[in-house]
Amino acid sequence: MSKGLFITFEGSDGCGKTTQIKLLNEYLINSGHKTLVTREPGAIGLGEKIRDILLNYDGEVSPNCESFLFLADRAQHIDCIIKPALAEGKFILCDRHTDSTVAYQGYGRGLDIERINYLNNLATGGLKPDLTIVFDIDAETSLKRVGQNKDRMESAGADFFNRVRNGYLEIAEKEPQRVKVINAADTIENIHKKVIDLVKEYEYTRT
Ligand code: TYD
């Protein structure tokens, strides 16, 4: 059996990842593939408890503590969910992963990027996505789409989201082979077509 394909979806809040993941999942299933749709933070079980703290805790959370909580969730997710599903030959569609920590805690909160890369590597045991799709959206549109009902992370403000966006674009510049950027202001249908084209390109890297 061929190994699976590990695809991560990234971008600022409100970029439309969830809609695109759903459409891609339907396309892959209709094409006869086995898939797993999952997310960070908080896929299932323990991760959901960590997610609740990260998004809803209303006391002070230091940026360092915040990053370790995301990393703890990631370690659990990789070991208990992603690795077994990849071994079964599934396409993993993962809503956020390592690049979120670089973009949000690194570029957004100002933590050292090299240190985050090092910690990400510890949390994942060195496993990297085969393909990462960044849905690029400006801070103003991002905050407008999120609306009034903001969680703890979404309440960080426009400057923060400008830094997050620039972070994603810099990650894509540094790793052009793995990370592809799609303009999230395009129509849902056009974006879906671009996502499918990218996945087809990478499907051949499965061994
Ligand atoms: P979620 O409701 O899943 O947002 P979205 O639908 O936009 O993915 O909330 C996850 C939030 O956590 C989101 O604001 C991004 C943030 N986040 C980080 O700051 N660092 C990380 O490592 C991860 C995985 C997420």
# chains A, B, ... in the order shown; residues from 1 in each chain; ligands from 1
call {"tool": "select_by_dssp", "arguments": {"residues": "chain A", "states": "strand (DSSP E or B)", "output": "compact mmCIF listing (two decimals) with all heavy atoms, in the first residue's frame"}}
result
# COMPACT_ATOMS: atom_id res chain seq x y z
N LEU A 5 -0.69 10.98 2.11
CA LEU A 5 -0.16 12.30 1.80
C LEU A 5 -0.60 13.25 2.92
O LEU A 5 -1.78 13.29 3.27
CB LEU A 5 -0.71 12.77 0.46
CG LEU A 5 0.04 13.93 -0.19
CD1 LEU A 5 1.37 13.45 -0.79
CD2 LEU A 5 -0.80 14.55 -1.31
N PHE A 6 0.38 13.98 3.45
CA PHE A 6 0.11 14.86 4.59
C PHE A 6 0.01 16.30 4.08
O PHE A 6 1.00 16.90 3.68
CB PHE A 6 1.25 14.68 5.60
CG PHE A 6 1.13 15.46 6.87
CD1 PHE A 6 -0.08 15.99 7.30
CD2 PHE A 6 2.25 15.65 7.69
CE1 PHE A 6 -0.19 16.70 8.49
CE2 PHE A 6 2.16 16.36 8.88
CZ PHE A 6 0.94 16.89 9.27
N ILE A 7 -1.23 16.82 4.08
CA ILE A 7 -1.46 18.18 3.58
C ILE A 7 -1.94 19.07 4.72
O ILE A 7 -2.88 18.71 5.45
CB ILE A 7 -2.54 18.20 2.47
CG1 ILE A 7 -2.23 17.15 1.41
CG2 ILE A 7 -2.65 19.58 1.85
CD1 ILE A 7 -3.36 16.95 0.42
N THR A 8 -1.29 20.23 4.89
CA THR A 8 -1.75 21.16 5.92
C THR A 8 -2.29 22.43 5.27
O THR A 8 -1.86 22.81 4.18
CB THR A 8 -0.64 21.51 6.94
OG1 THR A 8 0.45 22.12 6.24
CG2 THR A 8 -0.14 20.27 7.66
N PHE A 9 -3.25 23.04 5.95
CA PHE A 9 -3.92 24.24 5.45
C PHE A 9 -3.70 25.35 6.46
O PHE A 9 -3.95 25.17 7.65
CB PHE A 9 -5.43 23.98 5.27
CG PHE A 9 -5.68 22.88 4.27
CD1 PHE A 9 -5.62 21.56 4.65
CD2 PHE A 9 -5.93 23.20 2.95
CE1 PHE A 9 -5.81 20.54 3.72
CE2 PHE A 9 -6.13 22.19 2.01
CZ PHE A 9 -6.07 20.86 2.39
N GLU A 10 -3.22 26.48 5.96
CA GLU A 10 -2.83 27.57 6.85
C GLU A 10 -3.38 28.90 6.36
O GLU A 10 -3.78 29.03 5.21
CB GLU A 10 -1.29 27.66 6.91
CG GLU A 10 -0.60 26.43 7.49
CD GLU A 10 -0.60 26.41 9.03
OE1 GLU A 10 -1.13 27.37 9.66
OE2 GLU A 10 -0.08 25.44 9.60
N THR A 35 -9.46 9.32 3.43
CA THR A 35 -9.00 10.60 3.97
C THR A 35 -9.17 10.67 5.48
O THR A 35 -9.95 9.92 6.06
CB THR A 35 -9.80 11.78 3.35
OG1 THR A 35 -11.17 11.65 3.79
CG2 THR A 35 -9.74 11.80 1.85
N LEU A 36 -8.46 11.62 6.07
CA LEU A 36 -8.71 11.98 7.46
C LEU A 36 -8.69 13.50 7.54
O LEU A 36 -7.69 14.13 7.17
CB LEU A 36 -7.62 11.41 8.38
CG LEU A 36 -7.72 11.91 9.82
CD1 LEU A 36 -8.82 11.18 10.58
CD2 LEU A 36 -6.41 11.76 10.57
N VAL A 37 -9.81 14.08 7.98
CA VAL A 37 -9.85 15.52 8.20
C VAL A 37 -9.60 15.77 9.68
O VAL A 37 -10.27 15.19 10.54
CB VAL A 37 -11.22 16.11 7.78
CG1 VAL A 37 -11.30 17.59 8.12
CG2 VAL A 37 -11.45 15.90 6.29
N THR A 38 -8.62 16.61 9.97
CA THR A 38 -8.29 16.84 11.36
C THR A 38 -7.84 18.29 11.54
O THR A 38 -7.78 19.04 10.57
CB THR A 38 -7.23 15.80 11.83
OG1 THR A 38 -7.03 15.93 13.22
CG2 THR A 38 -5.91 15.94 11.09
N ARG A 39 -7.54 18.67 12.79
CA ARG A 39 -7.22 20.08 13.02
C ARG A 39 -6.31 20.25 14.22
O ARG A 39 -6.21 19.38 15.07
CB ARG A 39 -8.50 20.89 13.26
CG ARG A 39 -9.13 20.54 14.60
CD ARG A 39 -10.28 21.43 14.99
NE ARG A 39 -10.83 20.97 16.27
CZ ARG A 39 -11.94 21.44 16.81
NH1 ARG A 39 -12.63 22.36 16.18
NH2 ARG A 39 -12.37 20.99 17.97
N PHE A 91 -5.05 10.22 2.94
CA PHE A 91 -4.75 11.63 2.71
C PHE A 91 -5.14 12.35 3.99
O PHE A 91 -6.30 12.32 4.40
CB PHE A 91 -5.61 12.20 1.58
CG PHE A 91 -5.08 11.93 0.20
CD1 PHE A 91 -5.07 10.65 -0.31
CD2 PHE A 91 -4.60 12.96 -0.59
CE1 PHE A 91 -4.60 10.39 -1.58
CE2 PHE A 91 -4.13 12.73 -1.86
CZ PHE A 91 -4.12 11.44 -2.36
N ILE A 92 -4.17 13.02 4.62
CA ILE A 92 -4.47 13.77 5.85
C ILE A 92 -4.72 15.22 5.46
O ILE A 92 -3.85 15.86 4.86
CB ILE A 92 -3.27 13.76 6.83
CG1 ILE A 92 -2.63 12.38 6.95
CG2 ILE A 92 -3.65 14.35 8.18
CD1 ILE A 92 -3.44 11.39 7.66
N LEU A 93 -5.90 15.73 5.80
CA LEU A 93 -6.20 17.14 5.55
C LEU A 93 -6.22 17.82 6.91
O LEU A 93 -7.19 17.69 7.67
CB LEU A 93 -7.54 17.31 4.85
CG LEU A 93 -7.79 16.44 3.59
CD1 LEU A 93 -9.10 16.84 2.93
CD2 LEU A 93 -6.64 16.57 2.61
N CYS A 94 -5.15 18.52 7.24
CA CYS A 94 -4.99 19.04 8.59
C CYS A 94 -5.14 20.57 8.62
O CYS A 94 -4.36 21.29 7.99
CB CYS A 94 -3.62 18.61 9.13
SG CYS A 94 -3.36 19.09 10.84
N ASP A 95 -6.16 21.03 9.35
CA ASP A 95 -6.47 22.44 9.48
C ASP A 95 -5.52 23.04 10.52
O ASP A 95 -5.71 22.84 11.72
CB ASP A 95 -7.94 22.56 9.94
CG ASP A 95 -8.49 23.96 9.83
OD1 ASP A 95 -7.70 24.92 9.84
OD2 ASP A 95 -9.72 24.09 9.77
N LEU A 131 2.73 18.82 1.62
CA LEU A 131 2.26 20.05 0.96
C LEU A 131 1.54 20.91 2.00
O LEU A 131 0.77 20.41 2.82
CB LEU A 131 1.27 19.67 -0.16
CG LEU A 131 0.41 20.79 -0.75
CD1 LEU A 131 1.27 21.83 -1.49
CD2 LEU A 131 -0.63 20.21 -1.74
N THR A 132 1.81 22.22 1.95
CA THR A 132 1.12 23.17 2.81
C THR A 132 0.50 24.25 1.93
O THR A 132 1.20 24.84 1.10
CB THR A 132 2.09 23.82 3.82
OG1 THR A 132 2.60 22.80 4.69
CG2 THR A 132 1.40 24.91 4.65
N ILE A 133 -0.81 24.48 2.09
CA ILE A 133 -1.47 25.51 1.30
C ILE A 133 -1.83 26.67 2.23
O ILE A 133 -2.53 26.49 3.23
CB ILE A 133 -2.73 24.97 0.61
CG1 ILE A 133 -2.35 23.79 -0.30
CG2 ILE A 133 -3.41 26.08 -0.20
CD1 ILE A 133 -3.53 23.13 -1.01
N VAL A 134 -1.30 27.85 1.90
CA VAL A 134 -1.59 29.05 2.68
C VAL A 134 -2.65 29.86 1.93
O VAL A 134 -2.46 30.20 0.76
CB VAL A 134 -0.32 29.93 2.87
CG1 VAL A 134 -0.68 31.27 3.49
CG2 VAL A 134 0.72 29.20 3.72
N PHE A 135 -3.76 30.15 2.60
CA PHE A 135 -4.79 31.00 2.02
C PHE A 135 -4.51 32.42 2.48
O PHE A 135 -4.66 32.74 3.66
CB PHE A 135 -6.18 30.53 2.45
CG PHE A 135 -6.49 29.15 1.96
CD1 PHE A 135 -6.40 28.06 2.80
CD2 PHE A 135 -6.84 28.94 0.64
CE1 PHE A 135 -6.66 26.78 2.35
CE2 PHE A 135 -7.10 27.65 0.16
CZ PHE A 135 -7.00 26.59 1.01
N ASP A 136 -4.06 33.24 1.54
CA ASP A 136 -3.59 34.58 1.90
C ASP A 136 -4.73 35.59 1.93
O ASP A 136 -5.51 35.71 0.99
CB ASP A 136 -2.54 35.03 0.86
CG ASP A 136 -2.00 36.40 1.19
OD1 ASP A 136 -1.67 36.65 2.37
OD2 ASP A 136 -1.92 37.25 0.27
N VAL A 179 5.49 24.90 0.47
CA VAL A 179 4.43 25.85 0.83
C VAL A 179 3.95 26.64 -0.39
O VAL A 179 4.73 27.31 -1.05
CB VAL A 179 4.94 26.83 1.92
CG1 VAL A 179 3.81 27.74 2.39
CG2 VAL A 179 5.54 26.07 3.11
N LYS A 180 2.66 26.54 -0.67
CA LYS A 180 2.06 27.23 -1.82
C LYS A 180 1.01 28.23 -1.32
O LYS A 180 0.22 27.90 -0.43
CB LYS A 180 1.39 26.23 -2.76
CG LYS A 180 2.32 25.11 -3.23
CD LYS A 180 3.41 25.64 -4.13
CE LYS A 180 4.40 24.56 -4.51
NZ LYS A 180 5.55 25.06 -5.25
N VAL A 181 1.01 29.41 -1.92
CA VAL A 181 0.09 30.47 -1.48
C VAL A 181 -1.04 30.64 -2.50
O VAL A 181 -0.78 30.70 -3.70
CB VAL A 181 0.84 31.82 -1.32
CG1 VAL A 181 -0.12 32.92 -0.88
CG2 VAL A 181 1.99 31.68 -0.32
N ILE A 182 -2.28 30.70 -1.99
CA ILE A 182 -3.44 30.95 -2.85
C ILE A 182 -4.13 32.22 -2.34
O ILE A 182 -4.30 32.39 -1.12
CB ILE A 182 -4.43 29.76 -2.81
CG1 ILE A 182 -3.81 28.54 -3.51
CG2 ILE A 182 -5.75 30.12 -3.47
CD1 ILE A 182 -4.72 27.31 -3.53
N ASN A 183 -4.55 33.09 -3.27
CA ASN A 183 -5.25 34.31 -2.89
C ASN A 183 -6.66 33.97 -2.37
O ASN A 183 -7.51 33.51 -3.13
CB ASN A 183 -5.32 35.23 -4.11
CG ASN A 183 -6.09 36.50 -3.82
OD1 ASN A 183 -6.52 36.74 -2.69
ND2 ASN A 183 -6.25 37.32 -4.85
call {"tool": "closest_atom_pairs", "arguments": {"of": "chain A", "to": "ligand 1", "cutoff": "8 Å", "atoms": "only C-alpha atoms and all ligand atoms", "output": "tab-separated table"}}
result
residue	atom	partner	partner_atom_place_in_ligand_line	distance
A:Glu10	CA	ligand 1	8 (O)	7.7
A:Gly11	CA	ligand 1	7 (O)	7.4
A:Ser12	CA	ligand 1	7 (O)	6.2
A:Asp13	CA	ligand 1	7 (O)	3.6
A:Gly14	CA	ligand 1	7 (O)	5.7
A:Cys15	CA	ligand 1	7 (O)	7.2
A:Lys17	CA	ligand 1	6 (O)	7.3
A:Thr18	CA	ligand 1	6 (O)	6.7
A:Arg39	CA	ligand 1	3 (O)	7.1
A:Glu40	CA	ligand 1	24 (C)	4.6
A:Pro41	CA	ligand 1	24 (C)	4.9
A:Arg51	CA	ligand 1	10 (C)	7.9
A:Leu54	CA	ligand 1	12 (O)	7.2
A:Leu55	CA	ligand 1	9 (O)	6.7
A:Glu66	CA	ligand 1	19 (O)	7.9
A:Ser67	CA	ligand 1	22 (O)	6.8
A:Phe70	CA	ligand 1	22 (O)	5.0
A:Leu71	CA	ligand 1	22 (O)	6.9
A:Arg74	CA	ligand 1	24 (C)	7.7
A:Asp95	CA	ligand 1	8 (O)	6.3
A:Arg96	CA	ligand 1	24 (C)	5.1
A:His97	CA	ligand 1	24 (C)	5.1
A:Thr98	CA	ligand 1	22 (O)	6.0
A:Asp99	CA	ligand 1	22 (O)	7.0
A:Ser100	CA	ligand 1	21 (C)	4.4
A:Thr101	CA	ligand 1	22 (O)	3.5
A:Val102	CA	ligand 1	22 (O)	7.2
A:Ala103	CA	ligand 1	20 (N)	7.5
A:Tyr104	CA	ligand 1	19 (O)	4.6
A:Gln105	CA	ligand 1	19 (O)	5.9
A:Asp151	CA	ligand 1	2 (O)	7.6
A:Arg152	CA	ligand 1	14 (O)	7.7
A:Met153	CA	ligand 1	14 (O)	4.6
A:Glu154	CA	ligand 1	14 (O)	5.3
call {"tool": "write_last_selection", "arguments": {"atoms": "N, CA, C and O atoms", "output": "short mmCIF file (atom, residue, chain, number, x, y, z; two decimals), in the first residue's frame"}}
result
data_model
loop_
_atom_site.label_atom_id
_atom_site.label_comp_id
_atom_site.auth_asym_id
_atom_site.auth_seq_id
_atom_site.Cartn_x
_atom_site.Cartn_y
_atom_site.Cartn_z
N GLU A 10 -3.22 26.48 5.96
CA GLU A 10 -2.83 27.57 6.85
C GLU A 10 -3.38 28.90 6.36
O GLU A 10 -3.78 29.03 5.21
N GLY A 11 -3.35 29.88 7.25
CA GLY A 11 -3.80 31.23 6.90
C GLY A 11 -4.40 31.90 8.11
O GLY A 11 -4.69 31.25 9.12
N SER A 12 -4.59 33.21 8.01
CA SER A 12 -5.16 33.96 9.14
C SER A 12 -6.60 33.54 9.37
O SER A 12 -7.25 33.00 8.47
N ASP A 13 -7.10 33.82 10.56
CA ASP A 13 -8.50 33.51 10.89
C ASP A 13 -9.41 34.11 9.82
O ASP A 13 -9.18 35.23 9.35
N GLY A 14 -10.44 33.37 9.44
CA GLY A 14 -11.41 33.88 8.46
C GLY A 14 -10.95 33.74 7.01
O GLY A 14 -11.58 34.28 6.10
N CYS A 15 -9.87 32.99 6.75
CA CYS A 15 -9.34 32.90 5.38
C CYS A 15 -10.11 31.90 4.51
O CYS A 15 -9.89 31.82 3.31
N LYS A 17 -10.28 28.42 5.09
CA LYS A 17 -9.68 27.08 5.08
C LYS A 17 -10.71 25.97 5.25
O LYS A 17 -10.68 24.98 4.55
N THR A 18 -11.59 26.17 6.21
CA THR A 18 -12.53 25.09 6.57
C THR A 18 -13.41 24.71 5.40
O THR A 18 -13.62 23.52 5.12
N ARG A 39 -7.54 18.67 12.79
CA ARG A 39 -7.22 20.08 13.02
C ARG A 39 -6.31 20.25 14.22
O ARG A 39 -6.21 19.38 15.07
N GLU A 40 -5.66 21.42 14.25
CA GLU A 40 -4.93 21.83 15.45
C GLU A 40 -5.37 23.24 15.80
O GLU A 40 -5.57 24.04 14.88
N PRO A 41 -5.51 23.61 17.03
CA PRO A 41 -5.41 22.70 18.17
C PRO A 41 -6.69 21.90 18.35
O PRO A 41 -7.77 22.36 17.98
N ARG A 51 -7.33 22.68 23.59
CA ARG A 51 -7.96 23.71 22.74
C ARG A 51 -8.85 24.66 23.57
O ARG A 51 -8.82 25.86 23.38
N LEU A 54 -6.69 27.14 25.29
CA LEU A 54 -6.08 28.09 24.36
C LEU A 54 -7.07 29.12 23.83
O LEU A 54 -6.72 30.29 23.63
N LEU A 55 -8.30 28.69 23.58
CA LEU A 55 -9.25 29.62 22.95
C LEU A 55 -10.15 30.33 23.94
O LEU A 55 -10.65 31.41 23.66
N GLU A 66 1.69 29.82 25.93
CA GLU A 66 0.79 29.60 24.79
C GLU A 66 1.45 28.69 23.75
O GLU A 66 0.85 27.72 23.27
N SER A 67 2.72 28.98 23.44
CA SER A 67 3.38 28.17 22.40
C SER A 67 3.55 26.73 22.87
O SER A 67 3.35 25.79 22.10
N PHE A 70 0.27 24.81 22.41
CA PHE A 70 0.06 24.42 21.01
C PHE A 70 0.97 23.24 20.65
O PHE A 70 0.58 22.31 19.95
N LEU A 71 2.22 23.29 21.16
CA LEU A 71 3.18 22.22 20.85
C LEU A 71 2.80 20.90 21.51
O LEU A 71 2.98 19.83 20.92
N ARG A 74 0.20 19.39 19.53
CA ARG A 74 0.77 18.88 18.26
C ARG A 74 1.44 17.52 18.46
O ARG A 74 1.29 16.62 17.63
N ASP A 95 -6.16 21.03 9.35
CA ASP A 95 -6.47 22.44 9.48
C ASP A 95 -5.52 23.04 10.52
O ASP A 95 -5.71 22.84 11.72
N ARG A 96 -4.46 23.68 10.08
CA ARG A 96 -3.37 24.28 10.87
C ARG A 96 -2.40 23.23 11.41
O ARG A 96 -2.79 22.14 11.80
N HIS A 97 -1.12 23.65 11.44
CA HIS A 97 -0.08 22.77 11.98
C HIS A 97 1.13 23.65 12.34
O HIS A 97 0.94 24.78 12.81
N THR A 98 2.34 23.16 12.13
CA THR A 98 3.55 23.87 12.60
C THR A 98 3.65 25.34 12.15
O THR A 98 4.12 26.18 12.91
N ASP A 99 3.22 25.62 10.92
CA ASP A 99 3.38 27.00 10.41
C ASP A 99 2.51 28.00 11.18
O ASP A 99 2.82 29.19 11.21
N SER A 100 1.40 27.50 11.79
CA SER A 100 0.59 28.41 12.61
C SER A 100 1.40 28.91 13.80
O SER A 100 1.29 30.07 14.18
N THR A 101 2.20 28.03 14.39
CA THR A 101 2.99 28.46 15.56
C THR A 101 4.07 29.46 15.14
O THR A 101 4.33 30.44 15.84
N VAL A 102 4.65 29.22 13.96
CA VAL A 102 5.66 30.17 13.47
C VAL A 102 4.98 31.52 13.19
O VAL A 102 5.46 32.58 13.61
N ALA A 103 3.83 31.48 12.49
CA ALA A 103 3.17 32.73 12.09
C ALA A 103 2.56 33.47 13.30
O ALA A 103 2.75 34.68 13.46
N TYR A 104 1.84 32.74 14.17
CA TYR A 104 1.11 33.39 15.27
C TYR A 104 2.00 33.69 16.48
O TYR A 104 2.03 34.80 16.98
N GLN A 105 2.73 32.65 16.98
CA GLN A 105 3.54 32.89 18.17
C GLN A 105 4.87 33.55 17.79
O GLN A 105 5.40 34.37 18.55
N ASP A 151 -12.77 34.74 19.64
CA ASP A 151 -12.17 33.96 20.73
C ASP A 151 -10.88 34.66 21.19
O ASP A 151 -10.53 35.73 20.69
N ARG A 152 -10.17 34.03 22.14
CA ARG A 152 -8.98 34.68 22.72
C ARG A 152 -7.94 35.05 21.66
O ARG A 152 -7.41 36.16 21.67
N MET A 153 -7.67 34.14 20.72
CA MET A 153 -6.66 34.41 19.69
C MET A 153 -7.14 35.50 18.72
O MET A 153 -6.37 36.37 18.31
N GLU A 154 -8.42 35.43 18.37
CA GLU A 154 -8.94 36.37 17.36
C GLU A 154 -9.04 37.80 17.87
O GLU A 154 -9.22 38.73 17.10
#
call {"tool": "closest_residue", "arguments": {"among": "A:Gly45, A:Pro84, A:Gly89, A:Gly59", "to": "His33 in chain A", "atoms": "only C-alpha atoms"}}
result
A:Gly89
call {"tool": "residues_around", "arguments": {"residues": "Leu119 in chain A", "least_positions_apart": "5", "cutoff": "9 Å", "atoms": "only C-alpha atoms", "output": "VMD selection string"}}
result
chain A and resid 68 71 114 124
call {"tool": "decode", "arguments": {"residues": "range 62-90 of chain A", "atoms": "N, CA and C atoms", "output": "mmCIF file, in the first residue's frame"}}
result
data_model
loop_
_atom_site.group_PDB
_atom_site.id
_atom_site.type_symbol
_atom_site.label_atom_id
_atom_site.label_comp_id
_atom_site.auth_asym_id
_atom_site.auth_seq_id
_atom_site.Cartn_x
_atom_site.Cartn_y
_atom_site.Cartn_z
ATOM 1 N N SER A 62 1.002 33.645 29.098
ATOM 2 C CA SER A 62 2.234 34.207 28.531
ATOM 3 C C SER A 62 2.448 33.602 27.136
ATOM 4 N N PRO A 63 3.072 34.359 26.219
ATOM 5 C CA PRO A 63 3.326 33.832 24.871
ATOM 6 C C PRO A 63 4.096 32.514 24.902
ATOM 7 N N ASN A 64 5.019 32.388 25.862
ATOM 8 C CA ASN A 64 5.808 31.165 25.959
ATOM 9 C C ASN A 64 4.917 29.974 26.337
ATOM 10 N N CYS A 65 4.053 30.193 27.333
ATOM 11 C CA CYS A 65 3.121 29.138 27.761
ATOM 12 C C CYS A 65 2.193 28.789 26.600
ATOM 13 N N GLU A 66 1.694 29.815 25.927
ATOM 14 C CA GLU A 66 0.786 29.598 24.788
ATOM 15 C C GLU A 66 1.449 28.688 23.750
ATOM 16 N N SER A 67 2.720 28.982 23.439
ATOM 17 C CA SER A 67 3.375 28.167 22.402
ATOM 18 C C SER A 67 3.551 26.729 22.869
ATOM 19 N N PHE A 68 3.883 26.523 24.163
ATOM 20 C CA PHE A 68 4.046 25.140 24.634
ATOM 21 C C PHE A 68 2.724 24.376 24.635
ATOM 22 N N LEU A 69 1.621 25.061 24.875
ATOM 23 C CA LEU A 69 0.319 24.376 24.817
ATOM 24 C C LEU A 69 0.013 23.937 23.377
ATOM 25 N N PHE A 70 0.267 24.811 22.412
ATOM 26 C CA PHE A 70 0.061 24.415 21.013
ATOM 27 C C PHE A 70 0.974 23.240 20.654
ATOM 28 N N LEU A 71 2.216 23.286 21.164
ATOM 29 C CA LEU A 71 3.183 22.224 20.848
ATOM 30 C C LEU A 71 2.801 20.900 21.510
ATOM 31 N N ALA A 72 2.284 20.968 22.731
ATOM 32 C CA ALA A 72 1.864 19.741 23.431
ATOM 33 C C ALA A 72 0.721 19.084 22.657
ATOM 34 N N ASP A 73 -0.228 19.913 22.228
ATOM 35 C CA ASP A 73 -1.338 19.404 21.414
ATOM 36 C C ASP A 73 -0.806 18.755 20.138
ATOM 37 N N ARG A 74 0.202 19.392 19.530
ATOM 38 C CA ARG A 74 0.771 18.881 18.262
ATOM 39 C C ARG A 74 1.436 17.522 18.461
ATOM 40 N N ALA A 75 2.194 17.382 19.553
ATOM 41 C CA ALA A 75 2.895 16.114 19.803
ATOM 42 C C ALA A 75 1.890 14.971 19.913
ATOM 43 N N GLN A 76 0.819 15.207 20.661
ATOM 44 C CA GLN A 76 -0.226 14.204 20.838
ATOM 45 C C GLN A 76 -0.889 13.871 19.492
ATOM 46 N N HIS A 77 -1.161 14.910 18.731
ATOM 47 C CA HIS A 77 -1.842 14.784 17.440
ATOM 48 C C HIS A 77 -1.007 13.959 16.455
ATOM 49 N N ILE A 78 0.286 14.295 16.371
ATOM 50 C CA ILE A 78 1.182 13.578 15.447
ATOM 51 C C ILE A 78 1.281 12.103 15.837
ATOM 52 N N ASP A 79 1.531 11.849 17.135
ATOM 53 C CA ASP A 79 1.795 10.466 17.569
ATOM 54 C C ASP A 79 0.542 9.592 17.506
ATOM 55 N N CYS A 80 -0.589 10.139 17.955
ATOM 56 C CA CYS A 80 -1.782 9.291 18.129
ATOM 57 C C CYS A 80 -2.724 9.305 16.938
ATOM 58 N N ILE A 81 -2.652 10.329 16.092
ATOM 59 C CA ILE A 81 -3.637 10.433 15.010
ATOM 60 C C ILE A 81 -2.981 10.473 13.619
ATOM 61 N N ILE A 82 -2.037 11.389 13.418
ATOM 62 C CA ILE A 82 -1.512 11.585 12.052
ATOM 63 C C ILE A 82 -0.637 10.421 11.592
ATOM 64 N N LYS A 83 0.323 10.015 12.418
ATOM 65 C CA LYS A 83 1.221 8.929 11.981
ATOM 66 C C LYS A 83 0.461 7.637 11.680
ATOM 67 N N PRO A 84 -0.456 7.194 12.562
ATOM 68 C CA PRO A 84 -1.196 5.968 12.234
ATOM 69 C C PRO A 84 -2.016 6.100 10.947
ATOM 70 N N ALA A 85 -2.626 7.257 10.715
ATOM 71 C CA ALA A 85 -3.449 7.433 9.503
ATOM 72 C C ALA A 85 -2.580 7.460 8.248
ATOM 73 N N LEU A 86 -1.407 8.058 8.343
ATOM 74 C CA LEU A 86 -0.490 8.064 7.188
ATOM 75 C C LEU A 86 -0.056 6.642 6.851
ATOM 76 N N ALA A 87 0.191 5.858 7.893
ATOM 77 C CA ALA A 87 0.617 4.468 7.694
ATOM 78 C C ALA A 87 -0.483 3.649 7.012
ATOM 79 N N GLU A 88 -1.739 4.076 7.180
ATOM 80 C CA GLU A 88 -2.860 3.385 6.516
ATOM 81 C C GLU A 88 -3.070 3.893 5.089
ATOM 82 N N GLY A 89 -2.211 4.786 4.630
ATOM 83 C CA GLY A 89 -2.299 5.279 3.247
ATOM 84 C C GLY A 89 -3.317 6.385 3.046
ATOM 85 N N LYS A 90 -3.729 7.037 4.142
ATOM 86 C CA LYS A 90 -4.768 8.072 4.000
ATOM 87 C C LYS A 90 -4.195 9.427 3.572
#
